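Structure data follow from input_18.txt (compact mmCIF, C-alpha atoms and all ligand atoms):
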```
# COMPACT_ATOMS: atom_id res chain seq x y z
CA MET A 1 102.61 81.89 170.35
CA ARG A 2 99.12 80.44 170.04
CA LYS A 3 98.52 78.51 166.84
CA THR A 4 95.88 78.08 164.20
CA ALA A 5 94.20 74.71 164.67
CA LEU A 6 92.92 72.50 161.93
CA ILE A 7 90.61 69.50 162.13
CA PHE A 8 90.06 67.20 159.18
CA PHE A 9 87.03 65.00 159.03
CA PRO A 10 86.18 63.79 155.51
CA ALA A 11 83.44 61.34 156.73
CA PHE A 12 84.34 58.39 154.53
CA ASP A 13 81.19 56.49 155.45
CA TRP A 14 78.69 59.28 154.80
CA ALA A 15 77.37 60.34 151.41
CA ILE A 16 73.91 61.12 150.08
CA SER A 17 74.65 58.78 147.16
CA PRO A 18 77.91 57.62 145.49
CA SER A 19 77.64 60.12 142.62
CA HIS A 20 76.22 62.98 144.70
CA PRO A 21 78.34 66.20 144.79
CA GLU A 22 78.34 66.02 148.63
CA ARG A 23 80.84 63.14 149.01
CA GLU A 24 84.16 62.46 150.74
CA GLU A 25 86.38 63.43 147.76
CA ARG A 26 85.47 66.98 148.69
CA LEU A 27 88.15 66.91 151.36
CA LEU A 28 90.67 64.43 149.99
CA TYR A 29 92.25 66.82 147.48
CA THR A 30 92.44 69.49 150.14
CA ARG A 31 94.21 67.09 152.45
CA ASP A 32 96.73 66.15 149.74
CA GLN A 33 97.36 69.82 149.02
CA ILE A 34 97.93 70.61 152.69
CA PHE A 35 100.38 67.71 153.06
CA GLU A 36 102.21 68.62 149.85
CA GLU A 37 102.62 72.23 150.90
CA GLY A 38 104.08 71.04 154.21
CA ILE A 39 101.42 73.01 156.08
CA LEU A 40 101.41 70.63 159.02
CA ASP A 41 105.13 71.36 159.55
CA ASN A 42 104.36 75.07 159.81
CA PRO A 43 105.06 76.13 163.43
CA ARG A 44 101.97 78.36 163.39
CA ILE A 45 99.58 75.50 162.53
CA VAL A 46 98.53 72.52 164.65
CA GLU A 47 96.23 69.61 163.87
CA TYR A 48 93.55 68.51 166.33
CA LYS A 49 91.60 65.27 166.27
CA PRO A 50 87.79 65.32 166.01
CA ARG A 51 85.35 64.23 168.71
CA LEU A 52 81.64 63.47 168.92
CA ALA A 53 79.03 66.05 169.85
CA GLU A 54 76.62 64.97 172.61
CA ILE A 55 72.89 64.47 171.97
CA GLU A 56 72.26 67.38 174.35
CA ASP A 57 74.38 69.69 172.18
CA VAL A 58 72.00 68.98 169.29
CA GLU A 59 68.83 69.26 171.43
CA ARG A 60 69.98 72.70 172.57
CA VAL A 61 69.43 73.87 168.97
CA HIS A 62 67.05 71.54 167.12
CA PHE A 63 63.71 69.81 167.44
CA CYS A 64 64.76 66.59 165.68
CA VAL A 65 61.75 64.54 164.61
CA PRO A 66 61.19 62.18 166.29
CA ASP A 67 64.61 62.32 167.99
CA VAL A 68 68.29 63.16 167.42
CA ALA A 69 69.26 59.54 166.75
CA SER A 70 66.82 59.29 163.83
CA GLN A 71 68.23 62.40 162.14
CA THR A 72 71.95 61.88 162.65
CA THR A 73 74.73 59.39 162.00
CA ASN A 74 78.07 59.31 163.80
CA ALA A 75 79.45 61.37 160.91
CA HIS A 76 77.03 64.21 161.74
CA LEU A 77 77.96 64.11 165.43
CA ILE A 78 81.68 64.12 164.59
CA SER A 79 81.30 66.98 162.14
CA ALA A 80 79.52 69.07 164.80
CA GLY A 81 81.82 67.75 167.54
CA SER A 82 84.89 68.90 165.60
CA ALA A 83 83.60 72.46 165.74
CA LEU A 84 83.01 72.08 169.50
CA LYS A 85 86.52 70.71 170.00
CA LEU A 86 88.00 73.81 168.36
CA GLY A 87 85.60 75.99 170.35
CA ASP A 88 86.90 74.50 173.61
CA ALA A 89 90.52 74.92 172.49
CA LEU A 90 89.85 78.56 171.64
CA LEU A 91 88.07 79.41 174.88
CA ASN A 92 90.72 77.57 176.91
CA ARG A 93 93.24 79.82 175.15
CA GLU A 94 95.14 76.91 173.62
CA ILE A 95 94.81 78.26 170.07
CA ARG A 96 94.65 81.58 168.22
CA ASN A 97 91.85 80.47 165.89
CA GLY A 98 90.71 77.31 164.11
CA PHE A 99 89.31 75.83 160.94
CA ALA A 100 87.10 72.71 161.04
CA LEU A 101 87.42 71.08 157.61
CA VAL A 102 84.50 68.76 158.08
CA ARG A 103 81.47 67.29 156.43
CA PRO A 104 78.50 66.70 156.46
CA PRO A 105 77.75 70.44 156.20
CA GLY A 106 75.04 72.12 158.29
CA HIS A 107 73.94 75.63 157.37
CA HIS A 108 70.64 74.65 155.71
CA ALA A 109 69.44 72.73 158.80
CA MET A 110 66.71 74.75 160.52
CA ARG A 111 65.37 74.62 164.06
CA VAL A 112 62.87 71.84 163.24
CA VAL A 113 64.50 68.85 161.50
CA HIS A 114 62.30 66.39 159.62
CA GLY A 115 65.08 65.24 157.29
CA ASN A 116 67.92 66.40 155.08
CA ARG A 117 67.70 69.84 153.42
CA GLY A 118 70.41 71.09 151.07
CA PHE A 119 72.69 68.19 152.18
CA CYS A 120 72.31 69.20 155.88
CA ASN A 121 70.66 67.48 158.88
CA ILE A 122 72.06 69.39 161.85
CA ASN A 123 73.55 72.87 161.93
CA ASN A 124 77.21 72.71 163.00
CA GLU A 125 77.66 76.46 163.52
CA ALA A 126 74.42 76.86 165.47
CA ILE A 127 75.40 73.94 167.71
CA LEU A 128 78.77 75.63 168.24
CA VAL A 129 77.18 79.01 169.07
CA GLU A 130 74.79 77.57 171.66
CA TYR A 131 77.46 75.34 173.19
CA LEU A 132 79.90 78.21 173.64
CA ARG A 133 77.25 80.55 174.99
CA PHE A 134 75.99 77.95 177.47
CA LYS A 135 79.36 76.61 178.58
CA TYR A 136 81.46 79.77 178.65
CA GLY A 137 78.83 82.46 179.27
CA ILE A 138 79.66 84.33 176.09
CA ARG A 139 76.75 86.48 175.07
CA ARG A 140 77.26 88.11 171.68
CA ILE A 141 78.36 86.01 168.72
CA ALA A 142 78.39 86.85 165.01
CA VAL A 143 78.08 84.19 162.30
CA VAL A 144 79.26 85.32 158.87
CA ASP A 145 78.22 82.89 156.15
CA THR A 146 80.35 83.08 153.00
CA ASP A 147 78.84 80.05 151.26
CA VAL A 148 77.29 80.83 147.85
CA HIS A 149 73.93 79.52 149.09
CA HIS A 150 71.86 81.51 151.58
CA GLY A 151 72.50 80.22 155.13
CA ASP A 152 68.77 79.78 155.68
CA GLY A 153 69.08 77.25 158.51
CA THR A 154 71.33 79.47 160.63
CA GLN A 155 69.05 82.42 159.91
CA ASP A 156 66.00 80.42 161.02
CA ILE A 157 67.59 79.27 164.29
CA PHE A 158 68.66 82.76 165.41
CA TYR A 159 65.88 84.79 163.77
CA HIS A 160 64.52 85.94 167.15
CA ASP A 161 67.81 86.12 169.04
CA PRO A 162 69.10 89.67 169.51
CA ASP A 163 72.50 88.41 170.70
CA VAL A 164 73.47 86.52 167.55
CA LEU A 165 74.20 88.53 164.42
CA VAL A 166 73.75 86.40 161.30
CA VAL A 167 75.24 87.78 158.09
CA SER A 168 74.88 85.83 154.86
CA LEU A 169 76.67 86.76 151.67
CA HIS A 170 75.33 84.67 148.80
CA GLN A 171 74.26 84.42 145.19
CA ASP A 172 70.83 86.05 144.71
CA GLY A 173 68.06 83.62 145.70
CA ARG A 174 66.17 84.34 142.47
CA THR A 175 68.94 82.45 140.69
CA LEU A 176 69.98 79.74 143.17
CA TYR A 177 68.91 77.27 145.87
CA PRO A 178 67.36 77.73 148.45
CA GLY A 179 65.62 80.73 146.86
CA SER A 180 65.67 82.87 150.00
CA GLY A 181 68.00 85.39 151.69
CA PHE A 182 66.49 88.67 150.53
CA VAL A 183 66.96 91.99 152.30
CA ASP A 184 63.49 91.97 153.84
CA GLU A 185 64.40 88.89 155.91
CA ALA A 186 66.03 91.01 158.59
CA GLY A 187 65.17 89.30 161.91
CA GLY A 188 62.03 88.98 164.05
CA PRO A 189 60.62 91.98 165.96
CA GLY A 190 62.85 91.28 168.98
CA ALA A 191 65.97 90.86 166.87
CA TYR A 192 65.41 93.28 164.04
CA LEU A 193 68.51 93.93 161.86
CA LYS A 194 70.35 91.07 163.58
CA THR A 195 69.90 89.17 160.31
CA ILE A 196 71.65 90.74 157.34
CA ASN A 197 71.28 89.21 153.91
CA ILE A 198 73.47 90.37 151.05
CA PRO A 199 72.24 88.72 147.84
CA LEU A 200 74.86 89.27 145.14
CA PRO A 201 74.31 88.92 141.38
CA PRO A 202 75.64 85.86 139.54
CA GLY A 203 79.08 86.73 138.13
CA THR A 204 80.30 88.62 141.22
CA THR A 205 84.13 88.52 141.50
CA ASP A 206 86.61 89.05 144.37
CA GLU A 207 86.06 92.76 143.96
CA GLY A 208 82.30 92.57 144.59
CA PHE A 209 82.77 90.11 147.44
CA LEU A 210 85.20 92.49 149.16
CA LYS A 211 83.00 95.51 148.52
CA ALA A 212 80.20 93.78 150.45
CA TRP A 213 82.70 93.22 153.27
CA ARG A 214 83.91 96.85 153.36
CA ARG A 215 80.58 98.58 152.92
CA VAL A 216 78.25 96.32 154.96
CA ILE A 217 79.75 93.47 156.97
CA LYS A 218 82.68 95.34 158.54
CA PRO A 219 80.60 98.29 159.81
CA ALA A 220 77.84 95.90 160.98
CA LEU A 221 80.38 93.93 163.04
CA GLU A 222 81.90 97.11 164.44
CA ALA A 223 78.46 98.23 165.61
CA PHE A 224 77.45 94.81 167.01
CA LYS A 225 80.75 94.24 168.86
CA PRO A 226 80.65 90.43 169.00
CA GLU A 227 82.76 88.59 171.55
CA LEU A 228 83.37 85.91 168.95
CA VAL A 229 83.12 85.64 165.15
CA ILE A 230 82.33 82.35 163.40
CA ASN A 231 82.71 81.93 159.65
CA SER A 232 80.42 79.48 157.84
CA ALA A 233 83.05 78.88 155.22
CA GLY A 234 81.46 77.63 152.01
CA GLN A 235 83.79 77.60 149.03
CA ASP A 236 81.15 77.42 146.30
CA ASN A 237 81.44 81.11 145.30
CA HIS A 238 84.52 79.90 143.41
CA PHE A 239 84.58 80.54 139.65
CA THR A 240 84.90 76.80 138.91
CA ASP A 241 82.11 75.59 141.20
CA PRO A 242 79.68 73.35 139.27
CA LEU A 243 76.60 74.19 141.38
CA ALA A 244 76.70 78.01 141.28
CA ASN A 245 77.59 80.97 139.06
CA MET A 246 79.98 83.25 140.93
CA ARG A 247 83.54 84.26 139.96
CA VAL A 248 85.38 84.48 143.29
CA SER A 249 88.93 83.06 143.58
CA ALA A 250 91.09 81.66 146.38
CA ALA A 251 92.74 85.09 146.67
CA GLY A 252 89.34 86.69 147.30
CA TYR A 253 88.53 84.18 150.02
CA GLY A 254 92.00 84.65 151.54
CA LYS A 255 91.61 88.43 151.60
CA LEU A 256 88.14 88.23 153.16
CA THR A 257 89.46 85.88 155.86
CA GLU A 258 92.42 88.16 156.53
CA GLU A 259 90.02 91.09 157.04
CA LEU A 260 87.22 89.25 158.88
CA LYS A 261 89.64 87.48 161.27
CA PRO A 262 87.13 84.82 162.31
CA ASP A 263 87.88 83.07 165.59
CA LEU A 264 86.52 79.83 164.17
CA ALA A 265 85.74 78.76 160.62
CA VAL A 266 83.61 75.73 159.80
CA LEU A 267 83.52 74.31 156.29
CA GLU A 268 80.20 74.39 154.49
CA GLY A 269 79.75 73.78 150.73
CA GLY A 270 82.10 73.84 147.75
CA TYR A 271 81.83 71.23 145.03
CA ALA A 272 84.75 71.84 142.68
CA VAL A 273 86.79 69.22 144.50
CA GLU A 274 90.00 69.51 142.45
CA THR A 275 89.98 73.03 141.05
CA ALA A 276 88.65 75.05 143.98
CA LEU A 277 88.57 73.39 147.39
CA PRO A 278 92.31 72.66 147.80
CA TYR A 279 93.20 76.26 146.91
CA VAL A 280 90.43 78.07 148.77
CA ASN A 281 90.85 75.99 151.92
CA LEU A 282 94.61 76.51 151.86
CA ALA A 283 94.28 80.28 151.35
CA ILE A 284 91.83 80.50 154.27
CA LEU A 285 94.08 78.42 156.51
CA LEU A 286 97.15 80.54 155.71
CA ALA A 287 95.19 83.76 156.21
CA LEU A 288 94.00 82.49 159.61
CA ALA A 289 97.60 81.71 160.57
CA GLY A 290 98.72 85.20 159.49
CA GLU A 291 100.81 83.71 156.69
CA ASP A 292 101.24 84.88 153.10
CA TYR A 293 98.65 83.25 150.80
CA SER A 294 99.52 85.16 147.63
CA ASN A 295 101.20 82.09 146.10
CA VAL A 296 98.01 80.05 146.32
CA ILE A 297 96.84 80.42 142.72
CA GLU A 298 94.49 78.04 140.96
CA PRO A 299 95.89 76.64 137.66
CA GLN A 300 92.68 77.77 135.91
CA LYS A 301 93.24 81.34 137.04
CA ARG A 302 96.72 81.76 135.59
CA GLY A 303 96.74 84.14 132.62
CA THR A 304 93.12 85.19 133.07
CA VAL A 305 91.46 88.14 134.77
CA LEU A 306 88.09 87.62 136.39
CA ARG A 307 86.03 90.72 135.67
CA GLN A 308 82.54 91.92 136.64
CA SER A 309 80.33 93.63 134.08
CA GLU A 310 79.10 97.19 134.59
CA GLU A 311 75.63 95.79 135.26
CA ILE A 312 76.91 93.50 138.01
CA GLU A 313 78.79 96.37 139.62
CA GLN A 314 75.65 98.49 139.66
CA ALA A 315 73.67 95.67 141.27
CA ILE A 316 76.36 95.31 143.97
CA ASP A 317 76.31 99.07 144.57
CA ARG A 318 72.54 98.98 144.96
CA ILE A 319 72.52 96.17 147.51
CA THR A 320 75.46 97.45 149.56
CA GLY A 321 74.03 101.00 149.38
CA TYR A 322 70.71 99.70 150.71
CA TRP A 323 72.39 98.21 153.79
CA GLN A 324 74.63 101.22 154.38
CA GLU A 325 71.55 103.40 154.57
CA LYS A 326 69.52 100.94 156.63
CA LEU A 327 72.26 100.31 159.20
CA GLY A 328 73.11 104.00 159.39
CA ARG A 329 69.65 104.86 160.73
CA GLU A 330 68.21 104.28 164.22
CA PRO A 331 65.93 101.18 163.95
CA PRO A 332 62.37 101.23 165.33
CA GLY A 333 61.96 99.94 168.90
CA LYS A 334 60.83 96.43 169.85
CA ASP A 335 57.37 97.62 171.02
CA GLU A 336 56.79 99.30 167.69
CA LEU A 337 58.00 96.27 165.73
CA PHE A 338 55.58 93.98 167.59
CA GLY A 339 52.93 96.46 166.39
CA GLY A 340 51.38 96.83 169.84
CA LYS A 341 50.34 93.16 169.73
CA GLY A 342 51.65 90.75 172.33
CA LEU A 343 52.48 88.14 169.74
CA TYR A 344 54.42 87.71 166.51
CA LEU A 345 52.96 85.05 164.21
CA ARG A 346 54.33 83.50 161.06
CA SER A 347 53.08 80.65 158.86
CA ARG A 348 55.19 79.22 156.10
CA SER A 349 56.06 76.20 153.95
CA ILE A 350 59.51 74.64 153.92
CA TYR A 351 60.70 72.19 151.31
CA TYR A 352 63.37 69.54 151.95
CA ASP A 353 64.96 69.04 148.54
CA THR A 354 67.18 66.09 149.45
CA ASP A 355 64.51 64.09 151.31
CA GLN A 356 61.46 65.38 149.42
CA ILE A 357 59.51 66.51 152.46
CA TYR A 358 56.90 69.28 152.53
CA GLU A 359 56.66 71.02 155.90
CA GLN A 360 54.04 73.50 157.08
CA GLN A 361 54.93 75.60 160.12
CA ARG A 362 53.16 78.03 162.41
CA GLU A 363 55.43 79.94 164.72
CA SER A 364 54.79 82.44 167.47
CA VAL A 365 57.00 84.61 169.63
CA GLU A 366 55.57 86.31 172.71
CA TYR A 367 56.43 89.90 173.39
CA CYS A 368 58.30 90.33 176.68
CA PRO A 369 59.84 93.65 177.71
CA ASP A 370 62.54 91.83 179.71
CA CYS A 371 63.77 89.04 177.41
CA PRO A 372 63.56 87.71 173.82
CA GLY A 373 60.25 85.96 174.72
CA LEU A 374 58.93 82.41 174.46
CA TYR A 375 58.99 80.77 171.04
CA GLN A 376 56.47 78.15 169.91
CA VAL A 377 56.28 76.14 166.74
CA GLU A 378 53.77 73.70 165.34
CA SER A 379 54.99 71.76 162.36
CA ARG A 380 53.42 69.19 160.07
CA ALA A 381 55.49 67.36 157.49
CA LYS A 382 54.57 65.03 154.67
CA LYS A 383 57.13 62.85 152.97
CA THR A 384 56.61 62.16 149.29
CA TRP A 385 57.67 58.58 149.96
CA GLY A 386 56.48 57.93 153.46
CA ASP A 387 54.48 58.99 156.43
CA SER A 388 53.35 62.28 157.96
CA ARG A 389 54.55 63.90 161.18
CA TRP A 390 53.04 66.51 163.42
CA ILE A 391 55.03 68.11 166.24
CA TRP A 392 54.75 70.96 168.72
CA GLY A 393 57.73 72.61 170.36
CA MET A 394 58.45 75.44 172.75
CA SER A 395 61.79 77.12 173.28
CA ILE A 396 62.96 79.10 176.31
CA PRO A 397 65.72 81.48 175.22
CA LEU A 398 69.13 81.31 176.88
CA TYR A 399 68.61 84.79 178.32
CA ALA A 400 64.94 84.31 179.23
CA CYS A 401 63.60 86.27 182.19
CA PRO A 402 62.52 84.12 185.20
CA ALA A 403 58.83 84.86 184.54
CA CYS A 404 58.98 83.57 180.95
CA GLN A 405 60.93 80.49 182.00
CA ALA A 406 58.37 79.65 184.72
CA ARG A 407 55.44 80.26 182.37
CA ALA A 408 56.94 77.87 179.80
CA TYR A 409 56.84 75.01 182.34
CA GLU A 410 53.23 75.88 183.21
CA TYR A 411 52.32 75.68 179.50
CA TRP A 412 54.20 72.42 179.20
CA GLU A 413 52.34 70.80 182.12
CA LYS A 414 49.04 71.95 180.68
CA ILE A 415 49.72 70.80 177.13
CA ILE A 416 51.07 67.42 178.23
CA GLY A 417 48.11 66.98 180.61
CA LYS A 418 45.68 67.59 177.75
CA LYS A 419 47.40 65.53 175.06
CA ASN A 420 45.13 63.18 173.28
CA SER A 421 46.87 60.37 171.45
CA GLY A 422 45.85 59.88 167.84
CA ASN A 423 44.28 63.33 167.74
CA GLY A 424 47.18 65.73 168.24
CA PRO A 425 50.88 66.11 167.63
CA ASP A 426 53.00 62.92 167.51
CA CYS A 427 55.69 64.57 169.59
CA PHE A 428 56.00 67.46 172.06
CA TYR A 429 59.26 69.26 172.88
CA LEU A 430 60.36 71.70 175.56
CA GLN A 431 63.76 73.21 174.87
CA ASP A 432 65.00 75.10 177.93
CA LYS A 433 68.24 76.71 176.79
CA LYS A 434 68.53 78.63 180.05
CA GLY A 435 68.12 75.62 182.34
CA ASN A 436 69.83 73.24 179.87
CA ARG A 437 66.86 70.82 180.03
CA TYR A 438 65.40 69.21 176.95
CA LEU A 439 62.10 67.38 177.34
CA ARG A 440 60.34 65.28 174.77
CA GLU A 441 57.01 63.47 175.09
CA LYS A 442 55.30 61.23 172.59
CA GLY A 443 51.76 62.24 171.62
ZN ZN B 1 76.67 76.05 149.37
ZN ZN B 2 60.56 87.32 179.43
```
Starting from the file, lay out its structure as structure tokens.
Amino acid sequence: MRKTALIFFPAFDWAISPSHPEREERLLYTRDQIFEEGILDNPRIVEYKPRLAEIEDVERVHFCVPDVASQTTNAHLISAGSALKLGDALLNREIRNGFALVRPPGHHAMRVVHGNRGFCNINNEAILVEYLRFKYGIRRIAVVDTDVHHGDGTQDIFYHDPDVLVVSLHQDGRTLYPGSGFVDEAGGPGAYLKTINIPLPPGTTDEGFLKAWRRVIKPALEAFKPELVINSAGQDNHFTDPLANMRVSAAGYGKLTEELKPDLAVLEGGYAVETALPYVNLAILLALAGEDYSNVIEPQKRGTVLRQSEEIEQAIDRITGYWQEKLGREPPGKDELFGGKGLYLRSRSIYYDTDQIYEQQRESVEYCPDCPGLYQVESRAKKTWGDSRWIWGMSIPLYACPACQARAYEYWEKIIGKKNSGNGPDCFYLQDKKGNRYLREKG
């Protein structure tokens, strides 16, 4: 019998500040609870030790400015590496599934990294996806993000990738950080409807959470047919969480896990360290192991019933109804979505709340009939307390056609040949996911 693996990494030496909600106590109560319940003696559960991710694993996903070492500590590399360790164990058929109970979290880290956003520097799940696809030749992976905050980093990284389905279930961005994750963010023209955002109203309970699963996520997964499902497991939808306004309980999370059956779960947020995290994490772990989690009841929940108002129910019906209709129809073709133009362009501003950085980006994706197409980004960032940065990056998709891959190197030679120090980007990047080559040149 293959077991459910667990990795604990509370990162004792990493915190944004001593009183910040993202600190090591987040995992200490969970660990006590798991020991007390004798979970590690359960024959269906096995503990693994963490390991470090390699620099290359990070470069496969991010343009870290100016480099990976400047944006990460050992804690970040161990948090990401723990996910990779479980990924290897899964693909080597040592385990049935796994849960990386790690921090720092990652789902707000986007493709370009100038600093910390929403407590995240590098995206653990994205690093896991690209590692598994590169190393084991898996093609289709689904990431289901159940954190209360929109998984905007994961969305950004896979926005143009038709082989990664990103589903985020979160509290409506009009009422919570990061203020995004609306239904019209549905993927670039080459990956349309491979991003599914389900913004739920504040006050949503287990019932609403599970309705979104039944009506949208389950049919979307059945249609996409992923080879692997990863859960970005944030526990801040809990009714006691101090940073958000939802009313989900450990039982709701347990039920969703039992239904979703993720191959790997990676911890994201959750800031009610005593009243939520020990219970939610335990329920998820038991559900992964196929064990009964009905006895995992939060003390605050005893004697109360968490109810949704009529208004909340109607809002959940509207959003799930929208997706049912959208996913039930044949989507427009890629040619039509590119609008007959050979290029998709997007300009936008990104704010880094933790590090107070303002970033301006211009992105382009080239239309290619044979592959997802070359991606380019130019990004300028200004720190409130510090200097400015300007970078340019190009990404060759993992399943690029040979013509696009060759053209990327031609561009690279040309752009590096023309670079003019002091009067152009500070740093140039070429990310070749297909060839597993990551080049970086100073401006
Ligand atoms: Zn969160
Ligand atoms: Zn191509």
* To do: Enumerate residues in contact with ligand ZN 1 (chain B): an atom-to-atom distance of at most 6 Å, counting all atoms listed in the file. Format the result as a list in words.
  => Asp147, Val148, His149, Gly234, Asp236 and Gly269 of chain A
* Structure fact -> What separates CA of Glu313 in chain A and CA of Phe224 in chain A is a distance of 27.5 Å
* To do: Compare A:Asn97, A:Val58, A:Pro104, A:Leu282 by their minimum atom-to-atom distance to Phe35 in chain A, counting all atoms listed in the file, and give me the closest one.
  => A:Leu282
* Using only C-alpha atoms and all ligand atoms, determine which residues fall within 10 Å of ligand ZN 2 (chain B), then list them as a VMD selection string. => chain A and resid 366 to 374 396 to 397 399 to 407
* For Gly208 in chain A, which of A:Tyr429, A:Tyr411, A:Tyr253, A:Tyr293 is the closest residue, counting only C-alpha atoms? ->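 Closest to Gly208 in chain A, using only C-alpha atoms: A:Tyr253.
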* Counting only C-alpha atoms, the residue of A:Leu327, A:Ala250, A:Ile284, A:Leu176 that sits nearest Gln300 in chain A ->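 That would be A:Ala250, the residue with the smallest distance to Gln300 in chain A.
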Residues near Glu298 in chain A, cut-off 10 Å, only C-alpha atoms, skip fewer than 4 positions along chain, as a compact mmCIF listing (two decimals) with C-alpha atoms, keeping the file's coordinate frame:
```txt
# COMPACT_ATOMS: atom_id res chain seq x y z
CA THR A 240 84.90 76.80 138.91
CA SER A 249 88.93 83.06 143.58
CA ALA A 250 91.09 81.66 146.38
CA ALA A 251 92.74 85.09 146.67
CA GLU A 274 90.00 69.51 142.45
CA THR A 275 89.98 73.03 141.05
CA ALA A 276 88.65 75.05 143.98
CA LEU A 277 88.57 73.39 147.39
CA PRO A 278 92.31 72.66 147.80
CA TYR A 279 93.20 76.26 146.91
CA VAL A 280 90.43 78.07 148.77
CA ARG A 302 96.72 81.76 135.59
```
* Give me, please, the distance in Å between CA of Glu227 in chain A and CA of Val377 in chain A, quoted to one decimal. =>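 Atom-to-atom, CA of Glu227 in chain A to CA of Val377 in chain A, that is 29.7 Å.
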What are the centre and edge lengths in Å, to one decimal, of the axis-aligned box around all listed atoms of range 128-136 of chain A with 4 Å added on each side, as AutoDock Vina command-line options?
```
--center_x 78.1 --center_y 77.9 --center_z 173.4 --size_x 14.7 --size_y 13.2 --size_z 18.4
```
* Spatial sel., origin (65.7, 83.2, 165.3), limit 12 Å, all atoms listed in the file, listed as a VMD selection string -> chain A and resid 61 to 62 110 to 112 126 152 to 166 185 to 195 363 to 365 372 to 377 395 397
* Asked: Which protein, DNA or RNA residues are at most 9 Å from (83.3, 63.2, 168.6) in the file's coordinates when you count all atoms listed in the file, listed as a PyMOL selection string?
  -> chain A and resi 49-54+74-75+77-82+84-85
* Within 12 Å of Asp353 in chain A, counting only C-alpha atoms, which residues show up once you throw out same-chain ones fewer than 4 positions away? Write them as a ChimeraX atom specification, please. => /A:108-109,114-121,177-179,357-359,383-384
* Measuring atom to atom with only C-alpha atoms, identify which of A:Asp263, A:Asp67, A:Glu336, A:Asp206 is nearest to Ile230 in chain A. => A:Asp263
* Option closest in space to Ala244 in chain A, from A:Leu267, A:Leu91, A:Ala272, A:Ala83 [counting all atoms listed in the file] ->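 Residue with the minimum atom-to-atom distance to Ala244 in chain A: A:Ala272.
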* To do: Can you work out which one of A:Thr30, A:Asn92, A:Asn436, A:Thr204 has the shortest atom-to-atom distance to Gln171 in chain A, counting only C-alpha atoms?
  =>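 Nearest to Gln171 in chain A: A:Thr204.
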* Between CA of Phe428 in chain A and CA of Glu441 in chain A, distance in Å (one decimal) ->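 Between these atoms lies a distance of 5.1 Å.
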* Write out as a PyMOL selection string the residues lying within 10 Å of range 316-318 of chain A, counting all atoms listed in the file and excluding same-chain residues fewer than 5 positions away. => chain A and resi 198-201+204+208-209+211-212+215+310-311+323-324
Would you mind completing range 85-96 of chain A to N, CA and C atoms and writing the output as a CSV table (one decimal), keeping the file's coordinate frame?
```csv
chain,number,residue,atom,x,y,z
A,85,LYS,N,85.2,70.9,169.5
A,85,LYS,CA,86.5,70.7,170.0
A,85,LYS,C,87.4,72.0,169.8
A,86,LEU,N,87.2,72.6,168.6
A,86,LEU,CA,88.0,73.8,168.4
A,86,LEU,C,87.5,75.0,169.2
A,87,GLY,N,86.2,75.0,169.5
A,87,GLY,CA,85.6,76.0,170.4
A,87,GLY,C,86.2,75.9,171.8
A,88,ASP,N,86.3,74.7,172.3
A,88,ASP,CA,86.9,74.5,173.6
A,88,ASP,C,88.4,75.0,173.6
A,89,ALA,N,89.1,74.6,172.6
A,89,ALA,CA,90.5,74.9,172.5
A,89,ALA,C,90.7,76.4,172.4
A,90,LEU,N,89.8,77.1,171.7
A,90,LEU,CA,89.8,78.6,171.6
A,90,LEU,C,89.6,79.2,173.0
A,91,LEU,N,88.5,78.8,173.6
A,91,LEU,CA,88.1,79.4,174.9
A,91,LEU,C,89.0,79.1,176.0
A,92,ASN,N,89.7,77.9,175.9
A,92,ASN,CA,90.7,77.6,176.9
A,92,ASN,C,92.1,78.2,176.6
A,93,ARG,N,92.1,79.1,175.6
A,93,ARG,CA,93.2,79.8,175.2
A,93,ARG,C,94.4,79.0,174.7
A,94,GLU,N,94.1,77.8,174.2
A,94,GLU,CA,95.1,76.9,173.6
A,94,GLU,C,95.5,77.4,172.2
A,95,ILE,N,94.6,77.9,171.5
A,95,ILE,CA,94.8,78.3,170.1
A,95,ILE,C,94.4,79.7,169.8
A,96,ARG,N,95.0,80.2,168.6
A,96,ARG,CA,94.6,81.6,168.2
A,96,ARG,C,93.3,81.6,167.5
```
